[in-house]
file work.tsv (TSV, C-alpha atoms)
chain	number	residue	atom	x	y	z
A	980	MET	CA	-17.02	37.46	-101.79
A	981	ASP	CA	-14.18	34.95	-101.51
A	982	SER	CA	-12.11	36.90	-103.98
A	983	VAL	CA	-12.60	40.07	-101.96
A	984	GLN	CA	-11.47	38.32	-98.76
A	985	ALA	CA	-8.45	36.92	-100.55
A	986	VAL	CA	-7.46	40.38	-101.75
A	987	GLN	CA	-7.89	41.78	-98.24
A	988	LEU	CA	-5.83	38.94	-96.76
A	989	ALA	CA	-3.05	39.46	-99.26
A	990	GLY	CA	-3.05	43.16	-98.55
A	991	SER	CA	-2.87	42.65	-94.80
A	992	VAL	CA	0.07	40.27	-95.19
A	993	ALA	CA	1.81	42.69	-97.53
A	994	GLU	CA	1.56	45.38	-94.86
A	995	HIS	CA	4.00	43.36	-92.74
A	996	ASP	CA	7.65	43.84	-93.68
A	997	LEU	CA	9.19	40.37	-93.82
A	998	SER	CA	12.77	41.50	-94.43
A	999	MET	CA	15.46	40.06	-92.18
A	1000	TRP	CA	15.99	43.33	-90.33
A	1001	ALA	CA	12.27	43.79	-89.78
A	1002	LEU	CA	11.94	40.21	-88.55
A	1003	PHE	CA	14.73	40.85	-86.04
A	1004	LEU	CA	13.20	44.09	-84.78
A	1005	ARG	CA	9.76	42.56	-84.29
A	1006	ALA	CA	11.07	39.44	-82.61
A	1007	ASP	CA	10.59	38.69	-78.93
A	1008	ILE	CA	13.51	39.52	-76.62
A	1009	ILE	CA	14.31	35.82	-76.22
A	1010	VAL	CA	14.32	35.27	-79.98
A	1011	LYS	CA	16.46	38.38	-80.41
A	1012	ALA	CA	18.97	37.01	-77.91
A	1013	VAL	CA	19.07	33.73	-79.84
A	1014	MET	CA	19.60	35.56	-83.14
A	1015	VAL	CA	22.35	37.79	-81.76
A	1016	SER	CA	24.16	34.84	-80.17
A	1017	LEU	CA	24.05	32.89	-83.43
A	1018	ILE	CA	25.30	35.86	-85.45
A	1019	LEU	CA	28.18	36.41	-83.02
A	1020	ALA	CA	28.99	32.70	-83.06
A	1021	SER	CA	29.03	32.76	-86.86
A	1022	PHE	CA	31.44	35.72	-86.95
A	1023	TRP	CA	33.65	34.04	-84.35
A	1024	CYS	CA	33.72	30.83	-86.37
A	1025	TRP	CA	34.65	32.65	-89.57
A	1026	ALA	CA	37.47	34.45	-87.77
A	1027	ILE	CA	38.81	31.10	-86.53
A	1028	ILE	CA	38.39	29.53	-89.97
A	1029	PHE	CA	40.38	32.23	-91.76
A	1030	ASP	CA	43.05	32.19	-89.05
A	1031	LYS	CA	43.48	28.41	-89.20
A	1032	LEU	CA	43.53	28.23	-92.99
A	1033	MET	CA	46.05	31.05	-93.35
A	1034	ARG	CA	48.25	29.63	-90.58
A	1035	LEU	CA	48.22	26.13	-92.04
A	1036	ARG	CA	49.14	27.49	-95.45
A	1037	SER	CA	52.03	29.40	-93.91
A	1038	LEU	CA	53.18	26.36	-91.91
A	1039	TRP	CA	53.26	24.13	-94.99
A	1040	GLN	CA	55.37	26.72	-96.82
A	1041	ARG	CA	57.78	27.07	-93.88
A	1042	ALA	CA	58.01	23.29	-93.56
A	1043	GLU	CA	58.97	23.06	-97.21
A	1044	GLN	CA	61.65	25.71	-96.74
A	1045	PHE	CA	63.03	24.08	-93.60
A	1046	GLU	CA	63.16	20.60	-95.10
A	1047	GLU	CA	64.91	21.99	-98.15
A	1048	SER	CA	67.60	23.46	-95.88
A	1049	PHE	CA	67.70	20.37	-93.66
A	1050	TRP	CA	68.18	17.89	-96.51
A	1051	SER	CA	70.53	20.12	-98.50
A	1052	GLY	CA	73.55	18.35	-97.01
A	1053	GLY	CA	74.75	21.32	-94.97
A	1054	SER	CA	75.90	21.22	-91.38
A	1055	LEU	CA	73.19	20.71	-88.79
A	1056	GLU	CA	75.17	22.87	-86.38
A	1057	GLU	CA	75.11	25.77	-88.84
A	1058	LEU	CA	71.39	25.27	-89.41
A	1059	TYR	CA	70.81	25.32	-85.66
A	1060	ASP	CA	72.86	28.51	-85.27
A	1061	ARG	CA	70.95	30.14	-88.11
A	1062	ILE	CA	67.55	29.32	-86.68
A	1063	GLY	CA	68.60	30.40	-83.22
A	1064	ALA	CA	66.48	30.24	-80.12
A	1065	ARG	CA	63.30	31.47	-81.86
A	1066	PRO	CA	62.04	28.91	-84.36
A	1067	LEU	CA	59.21	30.17	-86.55
A	1068	ASP	CA	57.33	26.91	-87.08
A	1069	PRO	CA	56.75	23.59	-85.26
A	1070	MET	CA	59.20	21.65	-87.43
A	1071	SER	CA	61.98	24.11	-86.65
A	1072	ALA	CA	60.99	23.99	-82.98
A	1073	ILE	CA	61.37	20.19	-82.95
A	1074	PHE	CA	64.76	20.46	-84.62
A	1075	VAL	CA	65.94	23.14	-82.17
A	1076	ALA	CA	64.76	21.14	-79.14
A	1077	ALA	CA	66.61	18.02	-80.30
A	1078	MET	CA	69.80	19.92	-81.16
A	1079	ARG	CA	69.72	21.73	-77.84
A	1080	GLU	CA	69.60	18.41	-75.99
A	1081	TRP	CA	72.37	17.07	-78.23
A	1082	ARG	CA	74.59	20.09	-77.55
A	1083	ARG	CA	74.05	19.93	-73.80
A	1084	SER	CA	75.25	16.35	-73.74
A	1085	ALA	CA	78.18	17.15	-76.02
A	1086	ALA	CA	79.19	20.16	-73.91
A	1087	LYS	CA	79.34	17.99	-70.79
A	1088	GLY	CA	81.25	15.28	-72.60
A	1089	LEU	CA	78.45	12.81	-71.98
A	1090	SER	CA	78.11	11.75	-75.60
A	1091	ASP	CA	81.37	9.80	-75.34
A	1092	ARG	CA	80.12	7.60	-72.51
A	1093	GLU	CA	78.64	4.22	-73.24
A	1094	ALA	CA	75.58	4.72	-71.01
A	1095	THR	CA	74.86	8.06	-72.64
A	1096	ARG	CA	74.91	6.54	-76.11
A	1097	VAL	CA	71.95	4.44	-75.01
A	1098	SER	CA	70.00	7.08	-73.07
A	1099	LEU	CA	70.69	10.13	-75.24
A	1100	PRO	CA	68.62	8.99	-78.27
A	1101	GLN	CA	65.75	8.20	-75.91
A	1102	ARG	CA	65.97	11.65	-74.32
A	1103	ILE	CA	66.09	13.31	-77.73
A	1104	ASP	CA	63.06	11.35	-78.90
A	1105	ARG	CA	61.22	12.30	-75.73
A	1106	VAL	CA	62.11	15.98	-76.15
A	1107	MET	CA	60.91	15.96	-79.77
A	1108	HIS	CA	57.71	14.19	-78.78
A	1109	VAL	CA	56.97	16.74	-76.04
A	1110	THR	CA	57.74	19.64	-78.39
A	1111	LEU	CA	55.51	18.16	-81.08
A	1112	GLY	CA	52.64	17.77	-78.63
A	1113	ARG	CA	53.04	21.33	-77.36
A	1114	GLU	CA	53.11	22.79	-80.86
A	1115	MET	CA	50.06	20.81	-81.95
A	1116	ASP	CA	48.16	21.95	-78.85
A	1117	ILE	CA	48.82	25.54	-79.93
A	1118	LEU	CA	47.65	24.84	-83.49
A	1119	GLU	CA	44.49	23.08	-82.28
A	1120	ARG	CA	43.53	25.95	-79.98
A	1121	ASN	CA	40.00	27.28	-80.63
A	1122	LEU	CA	39.28	24.30	-82.87
A	1123	GLY	CA	36.79	23.09	-80.29
A	1124	VAL	CA	34.77	26.26	-80.86
A	1125	LEU	CA	33.99	25.11	-84.39
A	1126	ALA	CA	32.90	21.72	-83.11
A	1127	SER	CA	30.74	23.26	-80.39
A	1128	VAL	CA	29.05	25.74	-82.72
A	1129	GLY	CA	28.55	23.08	-85.36
A	1130	SER	CA	26.81	20.77	-82.91
A	1131	THR	CA	24.81	23.28	-80.84
A	1132	ALA	CA	23.86	26.10	-83.23
A	1133	PRO	CA	21.00	24.18	-84.91
A	1134	PHE	CA	19.48	23.40	-81.52
A	1135	ILE	CA	19.85	27.01	-80.36
A	1136	GLY	CA	18.12	28.11	-83.54
A	1137	LEU	CA	15.44	25.49	-82.96
A	1138	PHE	CA	14.88	26.88	-79.48
A	1139	GLY	CA	14.30	30.31	-81.02
A	1140	THR	CA	11.93	28.72	-83.52
A	1141	VAL	CA	9.89	27.01	-80.81
A	1142	TRP	CA	9.73	30.21	-78.79
A	1143	GLY	CA	8.61	32.20	-81.83
A	1144	ILE	CA	5.89	29.68	-82.68
A	1145	MET	CA	4.67	29.82	-79.09
A	1146	ASN	CA	4.35	33.59	-79.43
A	1147	SER	CA	2.40	33.10	-82.66
A	1148	PHE	CA	-0.06	30.82	-80.93
A	1149	GLN	CA	-0.41	33.35	-78.12
A	1150	SER	CA	-1.21	36.03	-80.71
A	1151	ILE	CA	-3.83	33.78	-82.25
A	1152	ALA	CA	-5.36	33.17	-78.82
A	1153	ALA	CA	-5.32	36.87	-77.93
A	1154	THR	CA	-6.83	38.11	-81.20
A	1155	LYS	CA	-8.97	35.03	-81.86
A	1156	ASN	CA	-7.90	35.40	-85.47
A	1157	THR	CA	-6.30	32.56	-87.40
A	1158	SER	CA	-5.70	34.53	-90.57
A	1159	LEU	CA	-2.32	34.45	-92.28
A	1160	ALA	CA	-1.77	38.11	-91.40
A	1161	VAL	CA	-1.64	37.20	-87.71
A	1162	VAL	CA	0.34	33.98	-88.01
A	1163	ALA	CA	2.83	34.80	-90.76
A	1164	PRO	CA	5.09	37.33	-88.95
A	1165	GLY	CA	5.63	35.13	-85.93
A	1166	ILE	CA	6.27	32.04	-88.04
A	1167	ALA	CA	8.72	34.00	-90.20
A	1168	GLU	CA	10.61	35.19	-87.11
A	1169	ALA	CA	10.76	31.65	-85.81
A	1170	LEU	CA	12.05	30.21	-89.07
A	1171	PHE	CA	14.59	33.02	-89.31
A	1172	ALA	CA	16.12	31.82	-86.04
A	1173	THR	CA	16.42	28.30	-87.45
A	1174	ALA	CA	18.04	29.67	-90.61
A	1175	LEU	CA	20.62	31.57	-88.55
A	1176	GLY	CA	21.40	28.38	-86.64
A	1177	LEU	CA	22.10	26.54	-89.88
A	1178	VAL	CA	24.14	29.45	-91.25
A	1179	ALA	CA	26.36	29.27	-88.18
A	1180	ALA	CA	26.54	25.47	-87.98
A	1181	ILE	CA	27.17	24.38	-91.58
A	1182	PRO	CA	30.39	26.35	-92.19
A	1183	ALA	CA	31.63	25.42	-88.72
A	1184	VAL	CA	31.19	21.69	-89.35
A	1185	ILE	CA	32.76	21.82	-92.82
A	1186	ALA	CA	35.70	23.90	-91.59
A	1187	TYR	CA	36.21	21.70	-88.54
A	1188	ASN	CA	36.48	18.58	-90.69
A	1189	LYS	CA	38.87	20.22	-93.15
A	1190	VAL	CA	41.10	21.84	-90.53
A	1191	SER	CA	41.20	18.63	-88.48
A	1192	ASN	CA	42.26	16.61	-91.52
A	1193	ASP	CA	44.91	19.18	-92.44
A	1194	LEU	CA	46.24	19.21	-88.88
A	1195	ASP	CA	46.39	15.40	-88.84
A	1196	ARG	CA	48.41	15.44	-92.07
A	1197	TYR	CA	50.71	18.10	-90.66
A	1198	ALA	CA	51.15	16.17	-87.40
A	1199	LYS	CA	52.11	13.04	-89.37
A	1200	ARG	CA	54.65	15.09	-91.29
A	1201	LEU	CA	56.16	16.30	-88.02
A	1202	GLU	CA	56.22	12.75	-86.66
A	1203	ASN	CA	57.99	11.52	-89.78
A	1204	PHE	CA	60.57	14.27	-89.48
A	1205	SER	CA	61.11	13.51	-85.80
A	1206	GLY	CA	61.68	9.83	-86.57
A	1207	GLU	CA	64.12	10.60	-89.40
A	1208	PHE	CA	66.03	13.18	-87.37
A	1209	GLY	CA	66.21	10.85	-84.39
A	1210	ALA	CA	67.64	8.14	-86.64
A	1211	ILE	CA	70.27	10.56	-87.96
A	1212	LEU	CA	71.41	11.52	-84.46
A	1213	SER	CA	71.50	7.87	-83.35
A	1214	ARG	CA	73.63	7.01	-86.38
A	1215	GLN	CA	76.05	9.81	-85.56
A	1216	LEU	CA	76.37	8.47	-82.01
A	1217	GLU	CA	77.16	4.99	-83.30
A	1218	GLU	CA	79.78	6.40	-85.66
A	1219	LYS	CA	81.62	7.83	-82.63
A	1220	VAL	CA	82.18	4.35	-81.24

call {"tool": "encode", "arguments": {"input": "work.tsv", "output": "structure tokens"}}
result
Amino acid sequence: MDSVQAVQLAGSVAEHDLSMWALFLRADIIVKAVMVSLILASFWCWAIIFDKLMRLRSLWQRAEQFEESFWSGGSLEELYDRIGARPLDPMSAIFVAAMREWRRSAAKGLSDREATRVSLPQRIDRVMHVTLGREMDILERNLGVLASVGSTAPFIGLFGTVWGIMNSFQSIAATKNTSLAVVAPGIAEALFATALGLVAAIPAVIAYNKVSNDLDRYAKRLENFSGEFGAILSRQLEEKV
């Protein structure tokens, strides 16, 4: 008799399709909303991840090219004229901002004044600092999305899990049947929501840590360049004395 009931129970469970698509279709409207939001968040995170990684790779290559031209011993004026008013990367933007301030002072004849020799390096450093901050703000845009998804997606998935388990208990109460055939679909839907939360959160957290570290390294590289370039301009001012 027990073997017959076991066979019947297994057959009743097998009748339920437990594929991911079937679990989504059978889910409650609230659980469906949770699943859809997590899937969209995951796609959004992956789009940000690919964009950040490709942009950082491009920025490192452009920084290498710019520093090669900058330290080649050529004229800074010629380099400024070649880059023009549309720098393609943050390092070039810092260089252009500093050279623009330098040229403005030179055009007005202020670089020959004693007071200007003291204030001009400070203004150039301030201009480079502001430009660096603005460029880093652009690079860090949408990075908070990864942090938000990484921290909230598991809890959103857990909410879907709790809601699905509540529906399972309601089914048990309505049918007065505690067999696996009644409980299994609802539990599977609930756990599927948790799985989607983890799928969205884990890549977001890993990518956020990597991109943040890469941006910190890039920001330090820009700061080092700003300090070296500021020292070069200050030395040129002292040589005019």

call {"tool": "residues_around", "arguments": {"input": "work.tsv", "residues": "A:Gly1143", "least_positions_apart": "4", "cutoff": "9 Å", "atoms": "all atoms listed in the file", "output": "ChimeraX atom specification"}}
result
/A:1006-1007,1009-1010,1138-1139,1147-1148,1165-1170,1172

call {"tool": "closest_atom_pairs", "arguments": {"input": "work.tsv", "of": "stretch 1139-1216 of chain A", "to": "stretch 1054-1068 of chain A", "cutoff": "12 Å", "atoms": "all atoms listed in the file", "output": "Markdown table"}}
result
| residue | atom | partner | partner_atom | distance |
| --- | --- | --- | --- | --- |
| A:Tyr1197 | CA | A:Asp1068 | CA | 11.6 |
| A:Leu1201 | CA | A:Asp1068 | CA | 10.7 |
| A:Phe1208 | CA | A:Leu1055 | CA | 10.5 |
| A:Ile1211 | CA | A:Leu1055 | CA | 10.6 |
| A:Leu1212 | CA | A:Leu1055 | CA | 10.3 |
| A:Gln1215 | CA | A:Leu1055 | CA | 11.7 |

call {"tool": "atom_distance", "arguments": {"input": "work.tsv", "atom1": "atom CA of A:Cys1024", "atom2": "atom CA of A:Leu1125"}}
result
6.1 Å

call {"tool": "atom_distance", "arguments": {"input": "work.tsv", "atom1": "atom CA of A:Gly1112", "atom2": "atom CA of A:Asp1193"}}
result
15.9 Å

call {"tool": "closest_residue", "arguments": {"input": "work.tsv", "among": "A:Arg1214, A:Trp1142, A:Gly1129, A:Glu1207", "to": "A:Trp1050", "atoms": "only C-alpha atoms"}}
result
A:Glu1207

call {"tool": "closest_residue", "arguments": {"input": "work.tsv", "among": "A:Leu1032, A:Ile1117, A:Ala1077, A:Ala1174", "to": "A:Val1190", "atoms": "all atoms listed in the file"}}
result
A:Leu1032

call {"tool": "residues_around", "arguments": {"input": "work.tsv", "residues": "stretch 1095-1111 of chain A", "least_positions_apart": "6", "cutoff": "12 Å", "atoms": "only C-alpha atoms", "output": "MDAnalysis selection string"}}
result
chainID A and resid 1066 1068:1085 1087:1089 1117:1118 1197:1220

call {"tool": "residues_around", "arguments": {"input": "work.tsv", "residues": "A:Val1178", "least_positions_apart": "4", "cutoff": "10 Å", "atoms": "only C-alpha atoms", "output": "ChimeraX atom specification"}}
result
/A:1017-1018,1021,1129,1132-1133,1136,1172-1174,1182-1183

call {"tool": "atom_distance", "arguments": {"input": "work.tsv", "atom1": "atom CA of A:Ala1180", "atom2": "atom CA of A:Lys1031"}}
result
17.2 Å

call {"tool": "closest_residue", "arguments": {"input": "work.tsv", "among": "A:Asn1192, A:Tyr1187, A:Phe1029, A:Lys1011", "to": "A:Val1124", "atoms": "all atoms listed in the file"}}
result
A:Tyr1187

call {"tool": "closest_residue", "arguments": {"input": "work.tsv", "among": "A:Met1115, A:Val1013, A:Leu1019, A:Ala1026", "to": "A:Ile1135", "atoms": "only C-alpha atoms"}}
result
A:Val1013

call {"tool": "axis_aligned_box", "arguments": {"input": "work.tsv", "around": "stretch 1057-1076 of chain A", "padding_each_side": "4 Å", "output": "JSON"}}
result
{"center_x": 65.9, "center_y": 25.8, "center_z": -84.3, "size_x": 26.4, "size_y": 19.3, "size_z": 18.3}
